[in-house]
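Participant: Contents of start01.csv (CSV, C-alpha atoms) are below:
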```
chain,number,residue,atom,x,y,z
A,1,MET,CA,95.9,-42.0,40.9
A,2,THR,CA,97.8,-38.9,39.8
A,3,THR,CA,98.7,-38.7,36.1
A,4,GLU,CA,102.2,-37.6,35.3
A,5,THR,CA,102.1,-34.4,33.2
A,6,ASP,CA,104.3,-33.5,30.2
A,7,PHE,CA,106.4,-31.1,32.3
A,8,ASP,CA,106.9,-33.6,35.1
A,9,LYS,CA,108.1,-36.3,32.6
A,10,ALA,CA,110.4,-33.8,30.8
A,11,THR,CA,112.1,-32.6,34.0
A,12,ALA,CA,112.3,-36.0,35.7
A,13,VAL,CA,115.6,-36.9,37.3
A,14,ARG,CA,116.9,-40.3,38.5
A,15,PRO,CA,119.8,-41.2,40.7
A,16,ALA,CA,123.0,-42.2,38.9
A,17,GLU,CA,123.9,-45.7,39.8
A,18,GLY,CA,126.5,-46.1,42.5
A,19,THR,CA,126.4,-42.4,43.7
A,20,ASP,CA,124.4,-40.4,46.1
A,21,ASP,CA,125.2,-37.0,44.6
A,22,ARG,CA,124.6,-37.4,40.9
A,23,TYR,CA,121.5,-37.6,38.8
A,24,ARG,CA,120.5,-38.4,35.2
A,25,ALA,CA,118.0,-36.7,33.0
A,26,ASP,CA,117.1,-36.6,29.3
A,27,PHE,CA,116.4,-33.5,27.4
A,28,SER,CA,113.7,-34.0,24.8
A,29,THR,CA,113.4,-32.2,21.5
A,30,ASP,CA,109.8,-31.5,22.6
A,31,TRP,CA,111.0,-28.7,24.9
A,32,LEU,CA,113.4,-26.8,22.7
A,33,ASN,CA,113.3,-23.1,21.8
A,34,HIS,CA,114.9,-22.2,18.5
A,35,GLY,CA,117.1,-25.3,18.6
A,36,HIS,CA,118.3,-25.0,22.2
A,37,VAL,CA,117.1,-25.9,25.6
A,38,ASN,CA,115.2,-23.1,27.3
A,39,GLY,CA,116.9,-21.4,30.3
A,40,GLY,CA,113.9,-21.7,32.6
A,41,PHE,CA,113.6,-25.4,31.7
A,42,LEU,CA,117.3,-26.0,32.5
A,43,LEU,CA,116.8,-24.2,35.8
A,44,ALA,CA,113.8,-26.4,36.7
A,45,VAL,CA,115.8,-29.6,36.0
A,46,ALA,CA,118.8,-28.5,38.0
A,47,ALA,CA,116.5,-27.3,40.8
A,48,ARG,CA,114.6,-30.6,40.8
A,49,ALA,CA,117.9,-32.6,41.2
A,50,LEU,CA,119.2,-30.4,43.9
A,51,GLY,CA,115.9,-30.6,45.7
A,52,GLU,CA,116.1,-34.4,45.6
A,53,ARG,CA,119.5,-34.2,47.2
A,54,LEU,CA,118.6,-31.7,49.9
A,55,ALA,CA,115.4,-33.7,50.7
A,56,GLN,CA,117.7,-36.3,52.3
A,57,GLY,CA,118.2,-33.8,55.1
A,58,PRO,CA,116.0,-32.9,58.1
A,59,ALA,CA,113.7,-30.4,56.5
A,60,ARG,CA,111.1,-30.4,53.7
A,61,VAL,CA,112.5,-28.3,50.9
A,62,ASP,CA,111.2,-26.1,48.0
A,63,PRO,CA,113.4,-23.9,45.8
A,64,PHE,CA,113.5,-20.5,47.4
A,65,ALA,CA,116.5,-18.5,46.1
A,66,LEU,CA,118.5,-19.6,43.1
A,67,SER,CA,121.4,-18.2,41.2
A,68,ALA,CA,122.2,-19.7,37.8
A,69,HIS,CA,125.2,-19.2,35.5
A,70,PHE,CA,124.7,-20.4,31.9
A,71,LEU,CA,128.1,-21.6,30.6
A,72,SER,CA,127.3,-23.2,27.2
A,73,ARG,CA,124.3,-24.0,25.1
A,74,SER,CA,122.5,-27.2,25.9
A,75,ALA,CA,121.2,-29.7,23.3
A,76,PRO,CA,118.7,-32.6,23.3
A,77,GLY,CA,120.1,-35.8,24.8
A,78,PRO,CA,121.2,-37.3,28.2
A,79,VAL,CA,122.7,-35.2,30.9
A,80,GLU,CA,124.3,-35.6,34.3
A,81,ILE,CA,123.4,-33.3,37.2
A,82,ARG,CA,126.2,-33.2,39.8
A,83,THR,CA,125.0,-31.9,43.2
A,84,ASP,CA,126.8,-30.8,46.4
A,85,VAL,CA,125.4,-30.0,49.8
A,86,VAL,CA,126.8,-26.8,51.3
A,87,ARG,CA,124.6,-26.6,54.4
A,88,GLN,CA,121.5,-28.4,55.7
A,89,GLY,CA,119.4,-26.8,58.4
A,90,ARG,CA,115.9,-27.1,59.8
A,91,GLN,CA,114.7,-24.0,58.0
A,92,LEU,CA,117.2,-23.2,55.2
A,93,SER,CA,119.4,-25.6,53.2
A,94,THR,CA,121.8,-24.6,50.5
A,95,GLY,CA,123.6,-26.6,47.7
A,96,THR,CA,124.9,-26.4,44.2
A,97,ALA,CA,124.1,-28.3,41.0
A,98,SER,CA,125.8,-28.5,37.7
A,99,ILE,CA,124.3,-29.9,34.4
A,100,VAL,CA,127.0,-31.6,32.4
A,101,GLN,CA,126.6,-32.9,28.9
A,102,THR,CA,128.8,-35.1,26.7
A,103,ASP,CA,129.0,-34.2,23.0
A,104,GLN,CA,129.3,-36.5,20.1
A,105,LYS,CA,133.1,-36.4,20.4
A,106,GLY,CA,133.0,-37.6,24.0
A,107,VAL,CA,133.9,-34.1,25.3
A,108,GLN,CA,132.1,-33.1,28.6
A,109,ALA,CA,130.8,-29.6,28.9
A,110,GLU,CA,129.2,-27.9,31.8
A,111,ARG,CA,126.0,-26.3,30.6
A,112,VAL,CA,124.7,-24.5,33.7
A,113,ARG,CA,125.7,-24.2,37.4
A,114,ILE,CA,123.3,-23.1,40.1
A,115,THR,CA,123.5,-22.3,43.7
A,116,GLY,CA,120.2,-22.8,45.5
A,117,THR,CA,118.8,-22.1,48.9
A,118,TYR,CA,115.7,-24.2,49.8
A,119,ARG,CA,113.0,-24.0,52.5
A,120,ASP,CA,109.5,-25.2,53.2
A,121,LEU,CA,107.3,-22.6,51.5
A,122,ASP,CA,104.3,-23.8,53.4
A,123,THR,CA,105.8,-22.4,56.6
A,124,LEU,CA,106.0,-18.8,55.4
A,125,ASN,CA,103.7,-16.5,57.3
A,126,ASP,CA,100.8,-14.7,55.7
A,127,GLU,CA,102.1,-11.2,56.5
A,128,VAL,CA,102.6,-9.1,53.3
A,129,PHE,CA,103.7,-5.4,53.0
A,130,THR,CA,104.3,-4.5,49.3
A,131,SER,CA,104.0,-1.7,46.8
A,132,ALA,CA,104.2,-4.1,43.9
A,133,THR,CA,101.1,-4.4,41.7
A,134,ALA,CA,100.1,-7.2,39.4
A,135,PRO,CA,100.3,-6.3,35.6
A,136,ASP,CA,97.3,-4.7,34.0
A,137,LEU,CA,96.5,-7.3,31.4
A,138,PRO,CA,93.6,-7.3,28.9
A,139,PRO,CA,91.2,-10.2,29.2
A,140,ARG,CA,92.7,-13.4,27.9
A,141,GLU,CA,90.3,-13.5,24.9
A,142,GLU,CA,91.7,-10.2,23.8
A,143,CYS,CA,95.4,-11.2,24.0
A,144,VAL,CA,97.6,-12.7,21.3
A,145,SER,CA,97.5,-16.5,21.8
A,146,THR,CA,100.3,-19.0,20.9
A,147,GLU,CA,97.4,-21.2,19.7
A,148,THR,CA,97.1,-18.9,16.7
A,149,ALA,CA,100.8,-19.2,15.9
A,150,SER,CA,101.7,-20.9,12.6
A,151,ASN,CA,103.1,-24.4,12.5
A,152,GLU,CA,106.3,-22.9,11.2
A,153,ILE,CA,106.8,-20.8,14.3
A,154,LEU,CA,105.8,-23.7,16.7
A,155,SER,CA,108.2,-26.0,14.9
A,156,ARG,CA,111.0,-23.6,15.9
A,157,SER,CA,109.7,-23.3,19.5
A,158,GLN,CA,108.5,-26.7,20.6
A,159,LEU,CA,108.4,-25.5,24.2
A,160,HIS,CA,105.4,-23.3,23.5
A,161,GLN,CA,103.4,-26.3,22.2
A,162,HIS,CA,103.1,-27.3,25.9
A,163,LEU,CA,102.0,-23.8,27.0
A,164,ASP,CA,98.8,-21.8,26.7
A,165,LEU,CA,100.5,-18.3,26.5
A,166,ARG,CA,98.3,-15.2,25.9
A,167,LEU,CA,100.4,-12.1,25.2
A,168,ASP,CA,99.4,-8.5,25.9
A,169,PRO,CA,98.9,-7.0,22.4
A,170,ARG,CA,100.5,-3.8,23.6
A,171,THR,CA,103.8,-5.6,23.8
A,172,THR,CA,103.6,-7.6,20.5
A,173,GLY,CA,103.9,-4.8,17.9
A,174,TRP,CA,107.3,-6.1,16.9
A,175,SER,CA,105.5,-9.1,15.4
A,176,ASN,CA,103.3,-7.0,13.0
A,177,GLU,CA,103.1,-3.7,11.1
A,178,GLU,CA,102.8,-1.7,14.3
A,179,GLY,CA,106.5,-2.2,15.2
A,180,PRO,CA,108.1,-2.3,18.6
A,181,SER,CA,106.8,0.1,21.2
A,182,GLY,CA,110.2,0.9,22.6
A,183,GLU,CA,108.9,0.3,26.2
A,184,GLY,CA,111.2,-2.8,26.5
A,185,ALA,CA,108.4,-5.0,28.0
A,186,ALA,CA,106.6,-8.3,27.6
A,187,ARG,CA,103.4,-9.3,29.5
A,188,GLY,CA,100.9,-12.1,29.3
A,189,TRP,CA,98.9,-15.0,30.8
A,190,MET,CA,100.2,-18.6,31.1
A,191,ARG,CA,99.1,-22.0,32.0
A,192,PHE,CA,100.0,-25.6,30.8
A,193,ARG,CA,97.9,-26.9,28.0
A,194,ASP,CA,97.5,-30.3,29.7
A,195,GLY,CA,96.0,-28.7,32.8
A,196,ARG,CA,98.9,-29.1,35.1
A,197,GLU,CA,98.6,-26.6,37.9
A,198,PRO,CA,101.6,-24.3,38.8
A,199,ASP,CA,104.1,-25.1,41.5
A,200,PRO,CA,107.5,-23.7,42.4
A,201,LEU,CA,109.2,-25.7,39.6
A,202,ALA,CA,106.7,-24.5,37.1
A,203,LEU,CA,107.4,-20.9,38.2
A,204,LEU,CA,111.1,-21.4,37.3
A,205,LEU,CA,110.1,-22.4,33.7
A,206,ALA,CA,107.6,-19.6,33.5
A,207,SER,CA,110.3,-17.1,34.4
A,208,ASP,CA,111.8,-17.5,30.9
A,209,VAL,CA,108.9,-18.1,28.5
A,210,LEU,CA,107.9,-14.6,27.4
A,211,PRO,CA,109.5,-13.1,24.3
A,212,PRO,CA,112.7,-11.3,25.1
A,213,VAL,CA,112.3,-7.6,25.9
A,214,THR,CA,114.8,-6.8,23.1
A,215,PHE,CA,112.0,-7.5,20.6
A,216,ASP,CA,109.9,-4.7,22.1
A,217,LEU,CA,112.9,-2.4,22.2
A,218,GLY,CA,113.6,-3.0,18.5
A,219,ALA,CA,117.1,-4.1,19.3
A,220,ALA,CA,118.7,-6.3,16.7
A,221,GLY,CA,120.6,-9.4,17.7
A,222,LEU,CA,120.3,-12.8,19.4
A,223,PRO,CA,119.5,-12.5,23.1
A,224,LEU,CA,121.4,-15.0,25.3
A,225,THR,CA,120.9,-15.4,29.0
A,226,VAL,CA,124.2,-15.2,30.9
A,227,HIS,CA,122.9,-15.3,34.5
A,228,MET,CA,119.5,-15.6,36.3
A,229,SER,CA,118.7,-14.8,39.9
A,230,VAL,CA,115.3,-16.1,41.1
A,231,HIS,CA,113.4,-15.7,44.3
A,232,VAL,CA,110.3,-17.9,44.7
A,233,ARG,CA,108.1,-15.9,47.1
A,234,ALA,CA,105.2,-18.2,47.5
A,235,LYS,CA,103.6,-21.4,46.3
A,236,PRO,CA,101.3,-20.3,43.5
A,237,ALA,CA,97.5,-20.8,43.8
A,238,PRO,CA,95.9,-23.0,41.1
A,239,GLY,CA,94.9,-21.3,37.9
A,240,TRP,CA,96.4,-18.9,35.3
A,241,LEU,CA,99.7,-17.1,36.0
A,242,ARG,CA,100.3,-13.5,35.0
A,243,LEU,CA,103.8,-12.8,33.7
A,244,SER,CA,105.6,-9.5,33.4
A,245,GLN,CA,109.1,-8.6,32.4
A,246,ARG,CA,110.8,-5.3,31.4
A,247,THR,CA,114.2,-3.7,31.2
A,248,SER,CA,115.3,-0.2,32.3
A,249,ASN,CA,118.9,-0.3,31.0
A,250,TYR,CA,120.4,-1.7,27.8
A,251,ALA,CA,124.0,-0.7,27.3
A,252,GLY,CA,127.2,-2.2,26.0
A,253,GLY,CA,125.4,-5.1,24.4
A,254,PHE,CA,124.0,-6.3,27.8
A,255,LEU,CA,120.6,-5.7,29.5
A,256,GLU,CA,118.9,-6.7,32.7
A,257,GLN,CA,115.4,-8.2,32.4
A,258,ASP,CA,113.3,-8.0,35.5
A,259,VAL,CA,110.5,-10.6,35.8
A,260,GLU,CA,107.5,-10.9,38.1
A,261,ILE,CA,105.0,-13.7,38.2
A,262,TRP,CA,101.6,-13.3,39.9
A,263,ASP,CA,99.2,-16.1,40.7
A,264,SER,CA,95.4,-16.3,40.4
A,265,LYS,CA,95.0,-14.9,44.0
A,266,ASP,CA,97.0,-11.7,43.2
A,267,ARG,CA,100.0,-13.0,45.1
A,268,LEU,CA,103.5,-12.2,43.9
A,269,ALA,CA,104.9,-15.7,43.5
A,270,LEU,CA,108.3,-15.1,41.9
A,271,GLN,CA,110.7,-12.3,41.2
A,272,ALA,CA,113.7,-12.8,38.9
A,273,ARG,CA,116.4,-10.8,37.1
A,274,HIS,CA,118.1,-12.0,33.9
A,275,LEU,CA,121.4,-10.7,32.6
A,276,ILE,CA,121.2,-11.0,28.9
A,277,TYR,CA,123.9,-10.5,26.2
A,278,VAL,CA,122.6,-9.5,22.8
A,279,VAL,CA,124.8,-11.1,20.2
A,280,PRO,CA,124.9,-9.0,17.0
A,281,PHE,CA,123.6,-10.7,13.8
A,282,SER,CA,126.5,-11.5,11.5
A,283,GLY,CA,126.5,-10.1,8.0
```
Could you express the structure from this file as structure tokens?

Facilitator:
Amino acid sequence: MTTETDFDKATAVRPAEGTDDRYRADFSTDWLNHGHVNGGFLLAVAARALGERLAQGPARVDPFALSAHFLSRSAPGPVEIRTDVVRQGRQLSTGTASIVQTDQKGVQAERVRITGTYRDLDTLNDEVFTSATAPDLPPREECVSTETASNEILSRSQLHQHLDLRLDPRTTGWSNEEGPSGEGAARGWMRFRDGREPDPLALLLASDVLPPVTFDLGAAGLPLTVHMSVHVRAKPAPGWLRLSQRTSNYAGGFLEQDVEIWDSKDRLALQARHLIYVVPFSG
């Protein structure tokens, strides 16, 4: 019998009564990051609901190419995910999903809208031609672990209580007297603390768990994700994931953040790009 993990429970969706295109979910306070629901977590929930809808078609489906627009900040509590099928085929299926939340005044707000193309990742062939290389990370025991973070820090980022995240110390100078490197990068190892092995939905979460590259740049302000585009390139092998993200252009208050996730067999499992707006600190 398979034990349901923390991540599976947190991202669970259920059909809304009387419909075949809407789902319900509940955002727990256990998966917040600085008071708000993490973008990768939101993407995983929306992708799970859309996958449930598309699974009613002729093909087995996994998230393959996703585009997400973040429209307003999500908060803990119940949400509705509204799905729509654009096309269902034997190899590729496409649809949309919107996460809608009702505030305490009864006003509905759309939090995120995704367009997703799905396919059976097990049917991808084994042919690979790539110039991409996995990040050169120090051994895990030499990295900066979230296990050593103070209770004060973890209380503001409950999401990381579920993750074993080991950061490359060359990209964490912003957190100590060394200061930011100016490279505009973040790198590290990741796995779930409860032993859950990675899968495509876990990759979506992992695409947004490293510290923002603005920290390593030394850029002041609150980074907010406006848009994410994600390509899941393979089902990840069991074991640790290696995460890497960097920016090459920060201008006009916006930057792109390019993400790569590699699995334990040196396979590039996910590529993503985030468009981030850096909101200046007031005062």

Participant: Enter the distance from atom CA of Gly89 of chain A to atom CA of Ala47 of chain A, in Å, rounded to one decimal.

Facilitator: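 One can read the atom CA of Gly89 of chain A to atom CA of Ala47 of chain A distance as 17.8 Å.
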
Participant: Write out as a ChimeraX atom specification each polymer residue whose atoms come within 7 Å of Ala186 of chain A, counting all atoms listed in the file; drop sequence neighbours fewer than 4 positions from it.

Facilitator: /A:171,210-211,213,244-246

Participant: Segment 116-127 of chain A: which residues within 7 Å, counting all atoms listed in the file, same-chain residues fewer than 6 positions away excluded, as a VMD selection string?

Facilitator: chain A and resid 60 to 67 91 to 96 234 to 235

Participant: For Leu167 of chain A, which residue out of A:Glu80, A:Asp136, A:Glu183, A:Asp194 is the nearest one, using all atoms listed in the file?

Facilitator: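 Going through A:Glu80, A:Asp136, A:Glu183, A:Asp194 one by one, the smallest distance to Leu167 of chain A is for A:Asp136.
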
Participant: Measuring between all atoms listed in the file, which one of A:Ala109, A:Ile114, A:Ala75, A:Ala97 shows the shortest distance to Ser28 of chain A?

Facilitator: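 Selected residue with least distance to Ser28 of chain A: A:Ala75.
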
Participant: Rounded to one decimal, what separation in Å do you get between atom CA of Asp21 of chain A and atom CA of Ala46 of chain A?

Facilitator: 12.5 Å

Participant: Between atom CA of Ser181 of chain A and atom CA of Val144 of chain A, what distance in Å does the model show, to one decimal?

Facilitator: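 Between atom CA of Ser181 of chain A and atom CA of Val144 of chain A the gap works out to 15.8 Å.
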
Participant: List the spatial neighbours of Arg48 of chain A as an NGL selection string - criterion: any atom at most 8 Å away, only C-alpha atoms, same-chain residues fewer than 3 positions off excluded.

Facilitator: :A and (11-13 or 44-45 or 51-52 or 201)

Participant: How about saving the chosen residues, C-alpha atoms kept, as an mmCIF file, in the coordinates of the input?

Facilitator:
```cif
data_model
loop_
_atom_site.group_PDB
_atom_site.id
_atom_site.type_symbol
_atom_site.label_atom_id
_atom_site.label_comp_id
_atom_site.auth_asym_id
_atom_site.auth_seq_id
_atom_site.Cartn_x
_atom_site.Cartn_y
_atom_site.Cartn_z
ATOM 1 C CA THR A 11 112.100 -32.600 34.000
ATOM 2 C CA ALA A 12 112.300 -36.000 35.700
ATOM 3 C CA VAL A 13 115.600 -36.900 37.300
ATOM 4 C CA ALA A 44 113.800 -26.400 36.700
ATOM 5 C CA VAL A 45 115.800 -29.600 36.000
ATOM 6 C CA GLY A 51 115.900 -30.600 45.700
ATOM 7 C CA GLU A 52 116.100 -34.400 45.600
ATOM 8 C CA LEU A 201 109.200 -25.700 39.600
#
```

Participant: I'd like the neighbourhood of His69 of chain A as an NGL selection string, where a residue qualifies if any of its atoms comes within 7 Å (using only C-alpha atoms), though same-chain residues fewer than 2 positions away should be ignored.

Facilitator: :A and (67 or 71 or 112-114 or 226-228)

Participant: Which residues are close to Tyr23 of chain A, i.e. within 6 Å by only C-alpha atoms, leaving aside same-chain residues fewer than 4 positions away? Reply as a short mmCIF file (atom, residue, chain, number, x, y, z; two decimals) with C-alpha atoms, in the frame of the given file.

Facilitator:
```cif
data_model
loop_
_atom_site.label_atom_id
_atom_site.label_comp_id
_atom_site.auth_asym_id
_atom_site.auth_seq_id
_atom_site.Cartn_x
_atom_site.Cartn_y
_atom_site.Cartn_z
CA ARG A 14 116.90 -40.30 38.50
CA PRO A 15 119.80 -41.20 40.70
CA ALA A 16 123.00 -42.20 38.90
CA GLU A 80 124.30 -35.60 34.30
CA ILE A 81 123.40 -33.30 37.20
#
```

Participant: Could you tell me, as an MDAnalysis selection string, which residues have any atom at most 8 Å from (122.0, -9.9, 29.0), counting all atoms listed in the file?

Facilitator: chainID A and resid 223:227 253:257 274:278

Participant: Please write as a list in words the list of polymer residues whose atoms come within 9 Å of (100.2, -18.0, 26.8), counting all atoms listed in the file and keeping to the coordinates of the file.

Facilitator: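 It turns out the residues near that spot are Arg140, Cys143, Val144, Ser145, Thr146, Glu147, His160, Leu163, Asp164, Leu165, Arg166, Leu167, Gly188, Trp189, Met190, Arg191, Phe192, Val209 and Leu210 of chain A.
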